[in-house]
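Listing of run-v9.cif, mmCIF, C-alpha atoms and all ligand atoms
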data_query
loop_
_atom_site.label_atom_id
_atom_site.label_comp_id
_atom_site.auth_asym_id
_atom_site.auth_seq_id
_atom_site.Cartn_x
_atom_site.Cartn_y
_atom_site.Cartn_z
CA MET A 1 25.01 39.16 49.05
CA LEU A 2 22.30 41.86 48.90
CA ASP A 3 24.90 44.64 49.00
CA GLU A 4 26.65 43.03 46.10
CA ILE A 5 23.44 42.87 44.10
CA PHE A 6 22.38 46.48 44.71
CA SER A 7 25.78 48.18 44.55
CA GLY A 8 26.41 46.55 41.22
CA LYS A 9 23.11 48.01 39.94
CA ARG A 10 22.01 44.54 39.08
CA VAL A 11 18.37 45.10 39.95
CA VAL A 12 16.07 46.73 37.40
CA ASP A 13 12.57 47.80 38.43
CA LEU A 14 10.23 47.05 35.53
CA SER A 15 7.13 48.71 37.03
CA TYR A 16 5.87 52.25 36.50
CA ALA A 17 4.91 54.35 39.52
CA ILE A 18 1.12 54.55 39.79
CA ASN A 19 -0.66 57.89 39.47
CA GLU A 20 -3.63 59.32 37.59
CA LYS A 21 -1.58 60.23 34.50
CA LEU A 22 -0.89 56.75 33.12
CA VAL A 23 -2.40 55.41 29.89
CA PRO A 24 -5.74 53.67 30.45
CA TRP A 25 -7.34 51.26 28.00
CA PRO A 26 -9.51 53.22 25.51
CA GLY A 27 -13.04 53.56 26.82
CA ASP A 28 -12.17 53.40 30.50
CA GLU A 29 -13.76 56.47 32.04
CA LYS A 30 -12.22 56.32 35.48
CA TRP A 31 -8.95 54.64 36.29
CA PHE A 32 -7.28 55.96 39.44
CA GLU A 33 -8.05 58.14 42.41
CA ALA A 34 -6.15 58.81 45.63
CA ARG A 35 -7.45 60.78 48.58
CA VAL A 36 -5.75 61.96 51.73
CA ASN A 37 -7.54 60.54 54.78
CA ALA A 38 -5.18 61.82 57.45
CA SER A 39 -2.40 64.36 57.30
CA ILE A 40 0.50 64.96 59.63
CA ALA A 41 -0.61 68.59 60.14
CA LYS A 42 -4.13 67.59 61.14
CA ASN A 43 -3.82 64.08 62.54
CA GLY A 44 -0.15 63.57 63.33
CA TYR A 45 0.18 60.82 60.73
CA PHE A 46 -0.33 60.47 56.98
CA THR A 47 -2.64 57.99 55.26
CA ARG A 48 -4.48 57.87 51.96
CA SER A 49 -7.10 55.66 50.35
CA PHE A 50 -7.01 54.84 46.66
CA TRP A 51 -9.16 53.33 43.97
CA MET A 52 -7.91 51.96 40.66
CA LEU A 53 -8.72 49.61 37.83
CA GLU A 54 -7.20 46.14 38.14
CA HIS A 55 -5.75 46.56 34.64
CA TYR A 56 -3.97 49.91 34.81
CA GLY A 57 -0.29 50.80 34.64
CA THR A 58 2.11 47.90 35.00
CA HIS A 59 -0.26 45.06 35.78
CA LEU A 60 -0.73 41.33 35.76
CA ASP A 61 -3.58 39.55 33.97
CA ALA A 62 -4.57 36.54 36.05
CA PRO A 63 -5.77 33.43 34.19
CA ALA A 64 -9.34 34.32 35.28
CA HIS A 65 -9.24 37.51 33.16
CA PHE A 66 -10.77 35.77 30.11
CA PRO A 67 -11.58 32.06 30.48
CA PRO A 68 -14.07 31.08 33.19
CA GLY A 69 -13.01 28.97 36.17
CA LYS A 70 -9.31 29.84 36.08
CA ALA A 71 -7.04 31.16 38.84
CA THR A 72 -7.64 34.63 40.20
CA VAL A 73 -4.64 36.81 40.99
CA ASP A 74 -4.39 35.64 44.61
CA GLN A 75 -4.44 32.00 43.52
CA ILE A 76 -1.37 32.06 41.25
CA PRO A 77 1.22 29.81 42.95
CA ALA A 78 4.26 31.72 44.22
CA LYS A 79 6.51 29.37 42.28
CA GLN A 80 5.02 30.62 39.03
CA LEU A 81 6.00 34.20 39.92
CA PHE A 82 9.78 33.63 39.90
CA GLY A 83 11.56 32.63 36.74
CA SER A 84 14.27 33.30 34.22
CA ALA A 85 13.48 35.90 31.59
CA ALA A 86 13.67 35.06 27.90
CA VAL A 87 13.71 38.43 26.14
CA ILE A 88 12.71 38.48 22.48
CA ASP A 89 13.82 41.72 20.90
CA VAL A 90 11.65 43.02 18.07
CA ARG A 91 12.49 46.71 18.31
CA ALA A 92 13.65 46.88 14.69
CA GLU A 93 10.57 45.06 13.36
CA ALA A 94 8.22 47.14 15.54
CA ALA A 95 9.77 50.39 14.29
CA ARG A 96 8.96 49.34 10.72
CA ASP A 97 5.55 47.77 11.39
CA ALA A 98 3.42 48.85 14.36
CA ASP A 99 1.14 45.83 13.80
CA TYR A 100 4.02 43.34 13.98
CA PRO A 101 2.90 40.00 15.40
CA LEU A 102 5.82 38.01 16.82
CA PRO A 103 5.99 34.90 14.62
CA ALA A 104 6.78 31.48 16.12
CA ALA A 105 9.87 31.44 13.86
CA ARG A 106 11.38 34.30 15.90
CA VAL A 107 10.98 32.21 19.07
CA GLU A 108 12.73 29.32 17.33
CA GLU A 109 15.48 31.67 16.18
CA TRP A 110 15.95 32.80 19.82
CA GLU A 111 16.25 29.12 20.79
CA GLU A 112 18.88 28.48 18.12
CA ARG A 113 21.05 31.14 19.75
CA HIS A 114 20.28 30.59 23.43
CA GLY A 115 18.94 27.04 23.78
CA ARG A 116 15.42 25.77 24.25
CA ILE A 117 13.19 27.97 26.40
CA ARG A 118 12.85 26.20 29.71
CA ALA A 119 9.68 25.33 31.60
CA GLY A 120 8.92 28.09 34.11
CA ALA A 121 10.56 30.84 32.06
CA ILE A 122 8.84 34.20 31.64
CA VAL A 123 8.95 35.40 28.05
CA LEU A 124 9.16 39.14 27.49
CA LEU A 125 8.51 40.84 24.16
CA ARG A 126 10.75 43.89 23.87
CA THR A 127 9.19 46.20 21.30
CA GLY A 128 10.69 49.53 22.39
CA TRP A 129 7.18 50.89 23.00
CA ALA A 130 8.19 52.00 26.51
CA SER A 131 9.87 55.03 24.89
CA ARG A 132 6.35 56.29 24.04
CA TRP A 133 5.09 56.00 27.65
CA PRO A 134 3.17 57.85 29.14
CA ASN A 135 2.08 59.72 26.01
CA ALA A 136 -1.36 58.16 25.49
CA GLN A 137 -1.56 59.19 21.84
CA ARG A 138 1.77 57.67 20.89
CA TYR A 139 1.52 54.66 23.19
CA ARG A 140 -1.96 53.55 22.05
CA ASN A 141 -1.23 54.68 18.50
CA GLN A 142 -4.90 54.80 17.49
CA ASP A 143 -5.97 55.39 13.89
CA ALA A 144 -8.94 57.50 12.71
CA GLN A 145 -11.29 54.60 13.52
CA GLY A 146 -9.91 54.33 17.04
CA LYS A 147 -8.12 51.04 16.38
CA MET A 148 -4.83 50.76 18.23
CA HIS A 149 -1.56 49.80 16.56
CA PHE A 150 1.23 48.21 18.57
CA PRO A 151 3.05 44.87 18.25
CA GLY A 152 2.25 41.69 20.16
CA PHE A 153 2.60 37.90 20.27
CA SER A 154 1.03 35.91 17.44
CA VAL A 155 -1.21 32.94 18.24
CA GLU A 156 1.43 30.61 16.76
CA ALA A 157 4.15 32.03 19.02
CA ALA A 158 1.85 31.74 22.05
CA LYS A 159 1.10 28.12 21.16
CA LEU A 160 4.79 27.29 20.98
CA LEU A 161 5.47 28.99 24.33
CA ILE A 162 2.57 27.14 25.96
CA GLU A 163 4.15 23.91 24.66
CA ARG A 164 7.38 24.99 26.34
CA LYS A 165 5.41 25.32 29.60
CA VAL A 166 6.46 28.88 30.32
CA SER A 167 4.97 30.59 33.39
CA GLY A 168 3.97 33.86 31.80
CA LEU A 169 4.18 36.29 28.89
CA GLY A 170 5.10 39.95 29.24
CA CYS A 171 5.37 43.03 27.03
CA ASP A 172 6.24 46.71 27.08
CA THR A 173 2.91 47.56 25.41
CA MET A 174 -0.74 47.65 26.58
CA SER A 175 -1.49 44.06 25.63
CA VAL A 176 0.16 40.77 24.72
CA ASP A 177 -2.25 40.67 21.78
CA PHE A 178 -1.24 43.17 19.10
CA GLY A 179 -3.14 46.47 19.30
CA ALA A 180 -5.45 45.91 16.33
CA SER A 181 -6.60 42.52 17.65
CA GLU A 182 -10.36 42.16 17.92
CA ASP A 183 -10.59 38.65 19.34
CA PHE A 184 -7.79 38.74 21.95
CA ALA A 185 -6.80 35.28 20.77
CA VAL A 186 -3.53 35.20 22.72
CA HIS A 187 -5.37 36.21 25.89
CA HIS A 188 -7.85 33.34 25.51
CA LEU A 189 -5.17 30.83 24.63
CA ALA A 190 -2.45 31.69 27.15
CA LEU A 191 -4.70 32.48 30.11
CA GLY A 192 -6.72 29.37 29.27
CA SER A 193 -3.50 27.37 29.65
CA GLY A 194 -2.85 28.88 33.09
CA LEU A 195 -0.23 31.44 32.07
CA TYR A 196 -0.39 35.04 33.30
CA HIS A 197 0.47 38.23 31.41
CA LEU A 198 2.57 41.22 32.44
CA GLU A 199 1.49 44.33 30.54
CA ASN A 200 2.81 47.89 30.38
CA LEU A 201 6.21 46.75 31.60
CA ALA A 202 8.72 49.60 31.83
CA ASP A 203 11.82 49.93 29.63
CA LEU A 204 13.29 46.47 29.03
CA SER A 205 16.47 47.71 27.34
CA ALA A 206 18.79 46.81 30.26
CA LEU A 207 17.85 43.13 30.11
CA PRO A 208 19.97 40.62 28.21
CA GLU A 209 18.11 38.21 25.90
CA LYS A 210 18.95 35.44 28.35
CA GLY A 211 20.22 35.34 31.92
CA ALA A 212 18.05 37.79 33.88
CA PHE A 213 15.89 36.44 36.69
CA LEU A 214 12.44 37.92 37.34
CA MET A 215 10.58 38.41 40.59
CA VAL A 216 6.93 39.08 39.88
CA ALA A 217 4.91 40.41 42.83
CA PRO A 218 1.25 41.15 42.04
CA ILE A 219 -1.17 42.50 44.62
CA LYS A 220 -2.76 39.55 46.47
CA LEU A 221 -6.29 40.73 45.84
CA GLU A 222 -8.77 37.98 46.59
CA GLY A 223 -10.89 37.15 43.56
CA GLY A 224 -9.04 39.64 41.34
CA SER A 225 -8.92 39.34 37.54
CA GLY A 226 -5.45 40.83 37.80
CA GLY A 227 -3.90 43.82 39.43
CA PRO A 228 -0.94 46.12 39.79
CA VAL A 229 2.34 44.23 39.84
CA ARG A 230 5.88 45.01 40.91
CA VAL A 231 8.37 43.28 38.65
CA PHE A 232 12.08 43.21 39.44
CA ALA A 233 14.73 41.84 37.10
CA LEU A 234 17.95 40.59 38.60
CA LEU A 235 20.63 40.93 35.92
CA PRO A 236 23.34 38.27 35.55
ZN ZN B 1 -4.10 41.63 29.09
#
Written form, C-alpha cells:
Amino acid sequence: MLDEIFSGKRVVDLSYAINEKLVPWPGDEKWFEARVNASIAKNGYFTRSFWMLEHYGTHLDAPAHFPPGKATVDQIPAKQLFGSAAVIDVRAEAARDADYPLPAARVEEWEERHGRIRAGAIVLLRTGWASRWPNAQRYRNQDAQGKMHFPGFSVEAAKLLIERKVSGLGCDTMSVDFGASEDFAVHHLALGSGLYHLENLADLSALPEKGAFLMVAPIKLEGGSGGPVRVFALLP
C-alpha cells in the first residue's frame, strides 16, 4: 500500500525546510539559529542544537496563541490533526486584490459544487502567494507605512467554517487574517473556538479542491503557543 502511494507521487509535502533565510513576521529580530555541537571529524558523530520562534516558517497556531485558557500545541487531540482538505482557490481574486478577504459566499459556492464541508475537515485558502516565497519583500508585500498586503479569511467565512465544525484553517500566506488586519479577528474567533491554523504552507497547486487527505504533525512542545509543523497531503 505504501509503495503504491509513493510511487504514484500521491504524497505532497506542504512544509518548507527550516533555515535562517525564511520570512519572519515584521518586527521579529531573531528567528532561527543552528549550531554544530559535535562533528564527525572531531567527535565521530554529528549533532546540532537549534533555536527558533514558535511561529516561523510553516507553522501551526495552537488555540492558546490568542485566547487565554485554550489548548497548547501539545494538547491538540491527534484526531484533530488528520482530516480531508477543502481547498478554496482564490488565486485569480488575490492577483487582482492583495487585500482580498475570502467572503462566506465563496465558501457556499464551494459547497454548491462539492457538497457541504464536513465536520473535521481542514480548510485551506489557496492564494498563490507561495510563488513569492521566500522573497520577504514580495511575500509580506508591505506598503510605505509598513502595513502588509496579502489575502486571508474574512470573519464571516471563519464564522461559517466554525459552524461547520472544521478542525483547522490553513493558508499559503503569513496569516489566516489578511495582511492589513489590525485586530486579528479571525485568529481570536477561530482559535477561541478550538480550531488551529496552518500558516506559510508551501505551494498548494497540486491539491484538488476536494479529495486530498491531510496529515498534520506539529512539534509536541509542551506549553507551546504553536510550532513548526510538517503537513503531508495524500492526493486521491
Ligand atoms: Zn497565526
What's the 8 Å shell around A:Ala119, counting all atoms listed in the file, without same-chain residues fewer than 6 positions away, as a PyMOL selection string? chain A and resi 164-167
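Of the residues listed (A:Phe50, A:Trp110, A:Trp25, A:Phe32), A:Trp25 shows the shortest atom-to-atom separation from ligand ZN 1 (chain B); distances use all atoms listed in the file.
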Could you list, as a PyMOL selection string, all residues that come within 8 Å of ligand ZN 1 (chain B)? Count all atoms listed in the file. chain A and resi 55+60-61+65+174-177+187+197-199
Can you list, as a ChimeraX atom specification, every protein, DNA or RNA residue that comes within 9 Å of A:Ala105 when you count only C-alpha atoms, leaving out same-chain residues fewer than 4 positions away? /A:109-110,156-157
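Atom CA of A:Ser193 sits 22.5 Å away from atom CA of A:Phe213.
Among A:His59, A:Leu221, A:Ala17, A:Val231, the residue with the shortest atom-to-atom distance to A:Val73, counting all atoms listed in the file, is A:Leu221.
Closest to A:Met148 among A:Ser181, A:Ser84, A:Ser49, A:Thr58 is A:Ser181, based on all atoms listed in the file.
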Could you give me, as an MDAnalysis selection string, the residues that sit within 10 Å of (19.0, 41.8, 32.8) in the file's coordinates, counting all atoms listed in the file? chainID A and resid 10:12 84:87 204:214 232:236
Nearest to A:Pro134 among A:Met52, A:Asn200, A:Met215, A:Glu182, with distances taken over only C-alpha atoms: which residue is it? A:Asn200
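Distances here use all atoms listed in the file; by that measure, the residue among A:Trp129, A:Tyr56, A:Phe66, A:Trp31 closest to A:Glu93 is A:Trp129.
The two atoms in question, atom CA of A:Phe184 and atom CA of A:Val155, are spaced 9.5 Å apart.
Remark: for A:Val123, the closest of the candidate residues A:Leu161, A:Ala62, A:Lys21, A:Ala34 is A:Leu161 (distances computed over all atoms listed in the file).
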At what distance in Å, to one decimal, does atom CA of A:Ala64 lie from atom CA of A:Tyr139? 26.0 Å
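Those residues that approach A:Leu81 to within 9 Å, counting only C-alpha atoms, are Ile76, Gly120, Ile122, Ser167, Gly168, Leu214, Met215, Val216, Ala217 and Pro218 of chain A; same-chain residues fewer than 5 positions away are not listed.
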